[in-house]
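K.L.:
File my_file33.txt below, compact mmCIF, C-alpha atoms and all ligand atoms:
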```txt
# COMPACT_ATOMS: atom_id res chain seq x y z
CA MET A 1 55.64 163.40 74.95
CA THR A 2 53.99 166.21 76.77
CA ASP A 3 54.88 167.06 80.34
CA SER A 4 51.92 166.78 82.60
CA SER A 5 51.21 168.02 86.07
CA LEU A 6 50.27 164.58 87.42
CA SER A 7 52.54 161.57 87.24
CA ARG A 8 51.11 158.20 86.23
CA ARG A 9 51.19 157.11 89.85
CA GLU A 10 49.46 160.28 91.10
CA PHE A 11 46.81 160.02 88.41
CA THR A 12 46.21 156.37 89.22
CA SER A 13 45.92 157.18 92.90
CA ALA A 14 43.53 160.09 92.29
CA THR A 15 41.43 158.05 89.91
CA LEU A 16 41.38 155.13 92.30
CA GLN A 17 40.08 157.33 95.07
CA SER A 18 37.35 158.82 92.93
CA LEU A 19 36.34 155.38 91.75
CA LEU A 20 36.66 153.58 95.03
CA THR A 21 32.93 153.41 95.58
CA LEU A 22 32.32 152.10 92.10
CA ALA A 23 35.12 149.55 92.46
CA PHE A 24 33.70 148.40 95.79
CA LEU A 25 30.22 147.99 94.33
CA GLU A 26 31.62 146.08 91.40
CA THR A 27 33.58 143.84 93.72
CA LEU A 28 30.36 142.99 95.47
CA SER A 29 28.46 142.33 92.29
CA ALA A 30 31.12 140.71 90.15
CA GLY A 31 32.96 138.82 92.86
CA ASP A 32 36.20 139.57 91.02
CA ALA A 33 38.28 141.99 93.05
CA PHE A 34 41.16 142.00 90.59
CA ALA A 35 39.05 143.04 87.61
CA ALA A 36 37.08 145.52 89.67
CA GLU A 37 40.25 147.29 90.77
CA ILE A 38 41.70 147.54 87.31
CA GLN A 39 38.85 148.11 84.92
CA PRO A 40 37.37 151.35 86.30
CA ILE A 41 40.70 153.12 85.86
CA ALA A 42 41.02 152.22 82.19
CA ALA A 43 37.28 152.83 81.75
CA GLN A 44 37.55 156.35 83.18
CA TRP A 45 40.54 156.98 80.93
CA LEU A 46 38.57 155.90 77.86
CA LYS A 47 35.68 158.05 79.01
CA ASP A 48 38.01 161.07 79.18
CA LEU A 49 39.31 160.27 75.69
CA ASP A 50 35.72 159.99 74.48
CA GLU A 51 34.87 163.43 75.86
CA LEU A 52 37.91 164.94 74.17
CA GLY A 53 36.88 163.29 70.89
CA ARG A 54 33.38 164.74 71.16
CA ASP A 55 34.84 168.15 72.01
CA VAL A 56 37.15 168.23 69.01
CA LYS A 57 34.39 167.04 66.66
CA GLY A 58 32.05 169.73 67.98
CA GLU A 59 34.86 172.29 67.84
CA ALA A 60 34.50 172.93 71.57
CA ILE A 61 38.28 172.56 71.64
CA SER A 62 40.84 173.13 68.88
CA GLN A 63 42.65 170.27 67.18
CA LEU A 64 45.90 171.48 68.76
CA ALA A 65 44.26 171.40 72.22
CA TRP A 66 43.02 167.85 71.50
CA GLN A 67 46.60 166.80 70.67
CA LYS A 68 47.98 168.30 73.87
CA LYS A 69 45.28 166.83 76.11
CA VAL A 70 45.43 163.38 74.51
CA GLU A 71 49.21 163.30 74.98
CA GLU A 72 48.67 164.22 78.64
CA LEU A 73 46.14 161.40 79.04
CA PHE A 74 48.40 158.94 77.25
CA ALA A 75 51.19 159.88 79.66
CA LYS A 76 48.98 159.09 82.66
CA ILE A 77 47.54 155.66 81.97
CA GLU A 78 49.26 152.75 83.66
CA LEU A 79 50.16 150.61 80.67
CA SER A 80 49.64 147.32 82.48
CA GLU A 81 46.04 148.34 83.18
CA LEU A 82 45.39 149.38 79.60
CA MET A 83 46.95 146.14 78.36
CA THR A 84 44.73 144.09 80.66
CA PHE A 85 41.74 146.02 79.35
CA LEU A 86 42.82 145.31 75.76
CA ASP A 87 43.45 141.62 76.55
CA PHE A 88 46.94 142.21 75.22
CA ASP A 89 48.14 138.69 76.10
CA LYS A 90 45.74 137.34 73.50
CA LEU A 91 46.53 140.03 70.88
CA SER A 92 50.26 139.53 71.22
CA LYS A 93 49.94 135.86 70.21
CA MET A 94 48.44 136.73 66.81
CA GLU A 95 50.61 136.09 63.77
CA LEU A 96 52.15 139.25 62.32
CA ARG A 97 52.51 140.21 58.66
CA SER A 98 55.57 140.15 56.47
CA ARG A 99 54.73 143.72 55.36
CA GLY A 100 52.96 146.46 57.21
CA GLU A 101 50.92 146.31 60.39
CA ARG A 102 48.45 143.74 61.57
CA SER A 103 45.44 145.70 62.80
CA MET A 104 43.52 144.18 65.72
CA ARG A 105 40.36 145.61 67.26
CA PRO A 106 39.82 144.23 70.74
CA VAL A 107 36.36 144.71 72.21
CA PHE A 108 36.50 146.62 75.47
CA PRO A 109 34.96 144.80 78.41
CA LYS A 110 31.65 146.19 79.65
CA VAL A 111 32.34 148.38 82.65
CA GLU A 112 30.03 150.74 84.48
CA GLY A 113 30.91 154.32 83.59
CA LEU A 114 32.22 153.48 80.13
CA PRO A 115 29.98 154.75 77.32
CA THR A 116 28.88 151.91 75.05
CA GLU A 117 29.29 154.08 71.92
CA LEU A 118 32.71 155.70 71.90
CA VAL A 119 33.18 158.57 69.44
CA PHE A 120 36.66 157.36 68.52
CA GLY A 121 37.77 154.17 66.85
CA HIS A 122 40.57 152.11 68.35
CA GLN A 123 42.93 149.38 67.26
CA VAL A 124 46.21 147.76 68.18
CA PHE A 125 48.88 147.50 65.49
CA GLY A 126 51.33 144.62 65.68
CA LEU A 127 54.51 144.73 63.58
CA LYS A 128 57.53 142.55 62.95
CA GLN A 129 61.02 144.03 63.08
CA GLY A 130 61.80 146.13 60.01
CA THR A 131 58.17 146.54 58.93
CA SER A 132 56.29 149.82 59.11
CA VAL A 133 53.06 151.59 59.61
CA VAL A 134 53.78 153.06 56.19
CA PRO A 135 53.99 156.82 55.59
CA HIS A 136 50.57 158.41 55.31
CA GLY A 137 48.72 161.61 56.03
CA HIS A 138 45.16 162.02 57.26
CA ASP A 139 42.18 163.85 55.83
CA ASN A 140 39.65 165.20 58.29
CA MET A 141 41.02 163.20 61.25
CA CYS A 142 42.71 163.41 64.63
CA THR A 143 44.64 160.33 65.67
CA ALA A 144 47.10 159.18 68.32
CA PHE A 145 49.66 156.42 68.91
CA LEU A 146 50.86 154.94 72.20
CA ILE A 147 53.69 152.41 72.15
CA LEU A 148 52.66 149.27 74.09
CA GLU A 149 55.63 147.03 73.36
CA GLY A 150 58.93 147.29 71.51
CA GLU A 151 60.76 150.19 69.95
CA PHE A 152 60.05 152.18 66.81
CA ARG A 153 61.67 154.80 64.64
CA GLY A 154 58.86 157.33 64.46
CA ARG A 155 58.83 160.09 61.85
CA LEU A 156 56.25 162.86 61.67
CA TYR A 157 55.80 165.68 59.18
CA ASP A 158 53.74 168.82 58.96
CA ARG A 159 51.51 168.75 55.88
CA LEU A 160 51.92 172.30 54.60
CA GLU A 161 50.17 172.19 51.25
CA ASP A 162 48.41 169.81 48.87
CA ASP A 163 47.88 169.58 45.17
CA GLU A 164 46.41 166.76 43.10
CA GLU A 165 49.62 164.72 42.92
CA SER A 166 51.60 165.69 45.99
CA MET A 167 51.88 167.13 49.47
CA ILE A 168 54.47 169.62 50.66
CA LEU A 169 55.87 168.16 53.88
CA LYS A 170 58.23 169.46 56.52
CA PRO A 171 59.82 166.90 58.86
CA THR A 172 59.04 167.64 62.52
CA VAL A 173 60.00 164.50 64.48
CA ASP A 174 62.47 161.69 63.81
CA GLU A 175 63.21 159.81 67.01
CA THR A 176 63.16 156.47 68.74
CA PHE A 177 59.80 155.82 70.39
CA LYS A 178 59.84 153.48 73.36
CA VAL A 179 57.15 151.86 75.50
CA GLY A 180 54.81 154.49 76.95
CA GLN A 181 55.71 157.18 74.43
CA ALA A 182 52.89 158.83 72.52
CA SER A 183 52.41 160.93 69.41
CA THR A 184 49.38 162.69 67.99
CA ILE A 185 48.18 163.92 64.63
CA SER A 186 45.70 166.51 63.43
CA GLU A 187 45.02 168.62 60.38
CA LYS A 188 46.96 171.43 62.08
CA LYS A 189 50.13 169.68 63.26
CA ASP A 190 52.17 166.58 62.40
CA ASN A 191 49.56 165.31 59.93
CA VAL A 192 51.82 162.66 58.35
CA HIS A 193 53.48 159.77 60.19
CA TRP A 194 55.64 156.71 59.57
CA PHE A 195 56.56 154.19 62.27
CA LYS A 196 59.10 151.42 61.64
CA ALA A 197 59.60 148.63 64.19
CA ASN A 198 63.21 148.44 65.43
CA SER A 199 62.67 145.62 67.90
CA ASP A 200 61.82 141.94 67.25
CA ARG A 201 58.21 142.98 67.29
CA GLY A 202 56.29 146.07 68.30
CA PHE A 203 52.75 146.96 69.30
CA ILE A 204 51.00 150.32 69.14
CA PHE A 205 47.65 151.37 70.60
CA ASN A 206 45.85 153.72 68.22
CA ILE A 207 42.76 155.87 68.54
CA HIS A 208 41.25 157.90 65.72
CA VAL A 209 38.49 160.49 65.53
CA LEU A 210 37.08 160.56 62.00
CA ASN A 211 34.85 163.10 60.22
CA LEU A 212 35.82 166.17 62.19
CA HIS A 213 33.79 168.14 59.66
CA ALA A 214 32.16 167.58 56.27
CA GLY A 215 34.24 165.96 53.52
CA LYS A 216 36.05 162.68 53.04
CA THR A 217 38.00 161.21 55.90
CA GLY A 218 40.84 158.73 56.10
CA ARG A 219 44.44 157.97 55.16
CA VAL A 220 46.35 159.43 52.21
CA TYR A 221 49.56 157.52 51.43
CA VAL A 222 52.68 159.47 50.46
CA ASP A 223 56.30 158.90 49.58
CA PRO A 224 58.30 161.18 51.90
CA ASN A 225 61.51 160.43 50.01
CA GLY A 226 60.59 163.15 47.55
CA LYS A 227 62.29 166.19 46.09
CA GLN A 228 63.88 168.62 48.54
CA ILE A 229 62.50 172.03 47.63
CA GLY A 230 64.36 174.21 50.14
CA ASP A 231 63.80 175.35 53.70
CA GLY A 232 63.68 171.67 54.75
CA LYS A 233 60.54 171.07 52.73
CA ILE A 234 59.85 167.97 50.64
CA ARG A 235 57.50 167.51 47.71
CA ALA A 236 56.04 164.05 48.50
CA ARG A 237 54.10 162.12 45.87
CA LYS A 238 50.66 160.85 46.84
CA ILE A 239 50.70 157.12 46.19
CA LYS A 240 48.37 154.14 46.38
CA SER A 241 48.42 151.95 49.46
CA SER A 242 49.87 149.06 47.41
CA GLU A 243 52.89 151.18 46.45
CA ALA A 244 53.28 152.44 50.02
CA TYR A 245 53.39 148.87 51.39
CA LYS A 246 55.74 147.78 48.60
CA LEU A 247 58.15 150.67 49.26
CA TYR A 248 57.96 150.89 53.03
CA GLY A 249 55.86 148.05 54.46
FE FE A 301 47.77 157.28 60.74
```
Using structure tokens, write down the structure that the file contains.
Ligand SMILES: [Fe+2]

P.N.:
Amino acid sequence: MTDSSLSRREFTSATLQSLLTLAFLETLSAGDAFAAEIQPIAAQWLKDLDELGRDVKGEAISQLAWQKKVEELFAKIELSELMTFLDFDKLSKMELRSRGERSMRPVFPKVEGLPTELVFGHQVFGLKQGTSVVPHGHDNMCTAFLILEGEFRGRLYDRLEDDEESMILKPTVDETFKVGQASTISEKKDNVHWFKANSDRGFIFNIHVLNLHAGKTGRVYVDPNGKQIGDGKIRARKIKSSEAYKLYG
């Protein structure tokens, strides 16, 4: 988690003020005061995330700056508002898998001020206790997690080097992630992650910015229980997704 200058409450208050006019207009048009109060806040938040995504793709900001700013934004959103926006009540009733995550892609409600084409993809992962978002690195991507429900053991690793068969990893984070905690990934820092659900069930909100530059983009599965090669580094085999889910799902 990154410290930020505004607390969640302050951010919500500031955003509410700036969006008061919009909320009022929406109340008049939609006749739904509850939705009008909530949705502009989450919509503005998504708009800010969209701008950051465009900036990192255009290299207007560095990948490290994207990570810092996204963690700040993730610290500010009122989770109940985001969960309303995601229709979390419905998502949380979906059946979960015996291995690995169930990926769900809720459609955001149409709200004035929210771009219709967001530069980032989003999903919600649902996991049963003991199952994992299995260890994987990312090619040509920035991505972020925000815990919505439950508790996870979250491990992150710097991806120092690559060859055909393996990655050289250095563990950076191994801690319990609770509701509201965030983590981010880029090519520059903490490129590999592994999240195992400790609680009965757990849910994670994920965003991902693909194709930061030319070249292939996506996940690369690894086995972080590799050979220790000194200085805390691990030689981790690149593996197929089927092996990753069999070993760690
Ligand atoms: Fe990932």

K.L.:
List all protein, DNA and RNA residues that have any atom at most 8 Å from ligand FE 301 (chain A), counting all atoms listed in the file, and write the list as a short mmCIF file (atom, residue, chain, number, x, y, z; two decimals) with C-alpha atoms, in the frame of the given file.

P.N.:
```cif
data_model
loop_
_atom_site.label_atom_id
_atom_site.label_comp_id
_atom_site.auth_asym_id
_atom_site.auth_seq_id
_atom_site.Cartn_x
_atom_site.Cartn_y
_atom_site.Cartn_z
CA VAL A 133 53.06 151.59 59.61
CA HIS A 136 50.57 158.41 55.31
CA GLY A 137 48.72 161.61 56.03
CA HIS A 138 45.16 162.02 57.26
CA THR A 143 44.64 160.33 65.67
CA ALA A 144 47.10 159.18 68.32
CA ILE A 185 48.18 163.92 64.63
CA VAL A 192 51.82 162.66 58.35
CA HIS A 193 53.48 159.77 60.19
CA TRP A 194 55.64 156.71 59.57
CA ARG A 219 44.44 157.97 55.16
#
```

K.L.:
Taking 2 positions as the minimum chain separation for residues in the same chain, which residues sit within 12 Å of Leu156 (chain A) when counting all atoms listed in the file? Answer as number ranges by chain.

P.N.:
A: 133-138, 144-145, 153-154, 158-159, 169-177, 183-186, 189-196, 224

K.L.:
Take the residues from that selection and write them out as a tab-separated table (two decimals), in the coordinates of the input, keeping C-alpha atoms.

P.N.:
```tsv
chain	number	residue	atom	x	y	z
A	133	VAL	CA	53.06	151.59	59.61
A	134	VAL	CA	53.78	153.06	56.19
A	135	PRO	CA	53.99	156.82	55.59
A	136	HIS	CA	50.57	158.41	55.31
A	137	GLY	CA	48.72	161.61	56.03
A	138	HIS	CA	45.16	162.02	57.26
A	144	ALA	CA	47.10	159.18	68.32
A	145	PHE	CA	49.66	156.42	68.91
A	153	ARG	CA	61.67	154.80	64.64
A	154	GLY	CA	58.86	157.33	64.46
A	158	ASP	CA	53.74	168.82	58.96
A	159	ARG	CA	51.51	168.75	55.88
A	169	LEU	CA	55.87	168.16	53.88
A	170	LYS	CA	58.23	169.46	56.52
A	171	PRO	CA	59.82	166.90	58.86
A	172	THR	CA	59.04	167.64	62.52
A	173	VAL	CA	60.00	164.50	64.48
A	174	ASP	CA	62.47	161.69	63.81
A	175	GLU	CA	63.21	159.81	67.01
A	176	THR	CA	63.16	156.47	68.74
A	177	PHE	CA	59.80	155.82	70.39
A	183	SER	CA	52.41	160.93	69.41
A	184	THR	CA	49.38	162.69	67.99
A	185	ILE	CA	48.18	163.92	64.63
A	186	SER	CA	45.70	166.51	63.43
A	189	LYS	CA	50.13	169.68	63.26
A	190	ASP	CA	52.17	166.58	62.40
A	191	ASN	CA	49.56	165.31	59.93
A	192	VAL	CA	51.82	162.66	58.35
A	193	HIS	CA	53.48	159.77	60.19
A	194	TRP	CA	55.64	156.71	59.57
A	195	PHE	CA	56.56	154.19	62.27
A	196	LYS	CA	59.10	151.42	61.64
A	224	PRO	CA	58.30	161.18	51.90
```

K.L.:
Kindly indicate which residue among A:Ala60, A:Ala236, A:Val209, A:Ile204 lies nearest to Glu161 (chain A), using only C-alpha atoms for the distances.

P.N.:
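Answer, going by the shortest atom-to-atom distance: A:Ala236.
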
K.L.:
As AutoDock Vina command-line options, what would the box around region 138-154 of chain A look like: edges along x, y and z, 3 Å added on every side, centre and edge lengths in Å to one decimal?

P.N.:
```
--center_x 50.7 --center_y 156.1 --center_z 65.0 --size_x 28.0 --size_y 24.2 --size_z 24.3
```

K.L.:
So what do you get for CA of Ala214 (chain A) versus CA of Glu243 (chain A), distance-wise?

P.N.:
28.2 Å

K.L.:
Need the shell around region 93-108 of chain A: protein/DNA/RNA residues with any atom at most 7 Å away, counting all atoms listed in the file. Skip same-chain ones fewer than 3 positions apart. Format as a ChimeraX atom specification?

P.N.:
/A:85-86,89-90,122-128,131-134,245,249

K.L.:
Hey, what's within 9 Å of Ala42 (chain A) if we count all atoms listed in the file and toss same-chain stuff fewer than 6 positions away? As a compact mmCIF listing (two decimals) with C-alpha atoms, keeping the file's coordinate frame, please?

P.N.:
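Wrote it out as around-v2.txt, contents follow:
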```
# COMPACT_ATOMS: atom_id res chain seq x y z
CA ILE A 77 47.54 155.66 81.97
CA GLU A 78 49.26 152.75 83.66
CA GLU A 81 46.04 148.34 83.18
CA LEU A 82 45.39 149.38 79.60
CA PHE A 85 41.74 146.02 79.35
```
